[in-house]
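> This is the structure I have questions about; it appears just below.
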Amino acid sequence: MDIDPDHPNIREDTPRSEVIKFLQQALTPLEDNSAPSLKIKALTKLRNGGLVLELPSAEAVNWIREPSRKESFLKKLDGKA
């Protein structure tokens with residue numbers, strides 16, 4: 001995931017734990033009875049400023065990639081991603 005450099009909540013100096021907390025808060029409202037676990041397993045910050053999220057399963061990744069869910073997730077990030 002590429003984050004806008006002017007993102008209001010995720011900046012280069014934002015502690016990793018805060019980034020995970022913010023991203024998890026954006027994922028949580030998307031969960032429903034049909035959702036697999038969306039708990040973030042790992043977060044990797046790339047040199048170019050990008051983020052790699054690891055979710056618990058391929059099913060979770062595919063679930064969040066569904067266009068309407070993906071759009072909802074990105075809206076909850078309060079900035080461009």
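The way I read the labels, and the way they are meant: chains A, B, ... in the order of the structure tokens, residue 1 as the first residue of every chain, and ligand 1 as the first ligand shown, with later ones counted on from there.
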I'd like the neighbourhood of segment 17-29 of chain A as a compact mmCIF listing (two decimals) with N, CA, C and O atoms, in the first residue's frame, where a residue qualifies if any of its atoms comes within 8 Å (using only C-alpha atoms), though same-chain residues fewer than 2 positions away should be ignored.

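Listing of out.txt after writing:
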```txt
# COMPACT_ATOMS: atom_id res chain seq x y z
N ASN A 9 -2.47 10.91 9.31
CA ASN A 9 -2.24 10.00 10.43
C ASN A 9 -1.04 9.08 10.27
O ASN A 9 -0.58 8.51 11.26
N ILE A 10 -0.59 8.87 9.07
CA ILE A 10 0.54 7.97 8.83
C ILE A 10 1.64 8.77 8.14
O ILE A 10 1.53 9.14 6.99
N THR A 14 5.83 8.21 12.13
CA THR A 14 4.79 7.61 12.98
C THR A 14 5.27 6.25 13.47
O THR A 14 5.70 5.42 12.66
N PRO A 15 5.24 6.01 14.77
CA PRO A 15 5.68 4.71 15.29
C PRO A 15 4.89 3.57 14.66
O PRO A 15 3.68 3.68 14.42
N GLU A 31 -15.65 -5.81 9.28
CA GLU A 31 -15.93 -7.19 9.64
C GLU A 31 -17.44 -7.39 9.81
O GLU A 31 -18.13 -6.56 10.38
N LEU A 38 -9.58 -10.37 10.25
CA LEU A 38 -8.85 -9.29 9.59
C LEU A 38 -7.80 -8.69 10.51
O LEU A 38 -7.34 -7.57 10.29
N LYS A 39 -7.40 -9.43 11.52
CA LYS A 39 -6.39 -8.94 12.45
C LYS A 39 -5.03 -8.90 11.74
O LYS A 39 -4.58 -9.88 11.17
N ILE A 40 -4.39 -7.75 11.78
CA ILE A 40 -3.10 -7.59 11.12
C ILE A 40 -2.05 -8.44 11.83
O ILE A 40 -1.86 -8.32 13.04
N LEU A 43 3.34 -5.88 9.80
CA LEU A 43 3.41 -4.67 8.98
C LEU A 43 4.87 -4.43 8.64
O LEU A 43 5.72 -4.43 9.53
N PHE A 73 -12.45 0.50 3.07
CA PHE A 73 -11.21 0.50 3.86
C PHE A 73 -10.40 1.76 3.55
O PHE A 73 -9.95 2.47 4.46
N LYS A 76 -11.73 4.87 5.12
CA LYS A 76 -11.51 4.93 6.56
C LYS A 76 -10.08 5.37 6.91
O LYS A 76 -9.79 5.70 8.05
N LEU A 77 -9.19 5.38 5.93
CA LEU A 77 -7.81 5.77 6.19
C LEU A 77 -7.62 7.29 6.27
O LEU A 77 -6.52 7.75 6.53
```
> Quick one: residues within 10 Å of Gly50 of chain A, only C-alpha atoms counted, chain neighbours fewer than 5 positions away excluded, as an NGL selection string?
:A and (1-5 or 12 or 44-45 or 81)
> Taking the backbone alone, and naming residues the way the document does, which bits of segment 24-76 of chain A are strand (DSSP E) by DSSP, as a ChimeraX atom specification?
/A:42-45,51-54
> Restricted to N, CA and C atoms, what would the selected residues look like written as a tab-separated table (two decimals), in the first residue's frame?

```
chain	number	residue	atom	x	y	z
A	42	ALA	N	1.28	-8.70	10.59
A	42	ALA	CA	2.58	-8.04	10.48
A	42	ALA	C	2.44	-6.81	9.59
A	43	LEU	N	3.34	-5.88	9.80
A	43	LEU	CA	3.41	-4.67	8.98
A	43	LEU	C	4.87	-4.43	8.64
A	44	THR	N	5.13	-4.23	7.37
A	44	THR	CA	6.49	-3.91	6.93
A	44	THR	C	6.47	-2.54	6.29
A	45	LYS	N	7.36	-1.67	6.75
A	45	LYS	CA	7.51	-0.36	6.13
A	45	LYS	C	8.63	-0.47	5.10
A	51	LEU	N	3.73	0.49	2.52
A	51	LEU	CA	3.45	-0.43	3.61
A	51	LEU	C	3.00	-1.76	3.05
A	52	VAL	N	3.43	-2.84	3.68
A	52	VAL	CA	2.95	-4.17	3.33
A	52	VAL	C	2.24	-4.72	4.56
A	53	LEU	N	0.95	-5.01	4.40
A	53	LEU	CA	0.16	-5.58	5.49
A	53	LEU	C	0.10	-7.09	5.31
A	54	GLU	N	0.29	-7.80	6.40
A	54	GLU	CA	0.11	-9.25	6.36
A	54	GLU	C	-1.13	-9.57	7.18
```
> May I ask which of the residues A:Glu71, A:Ser34, A:Gly49, A:Glu66 is the closest one to Asp6 of chain A, counting only C-alpha atoms?
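Checking each candidate against Asp6 of chain A, we get A:Gly49 as the closest.
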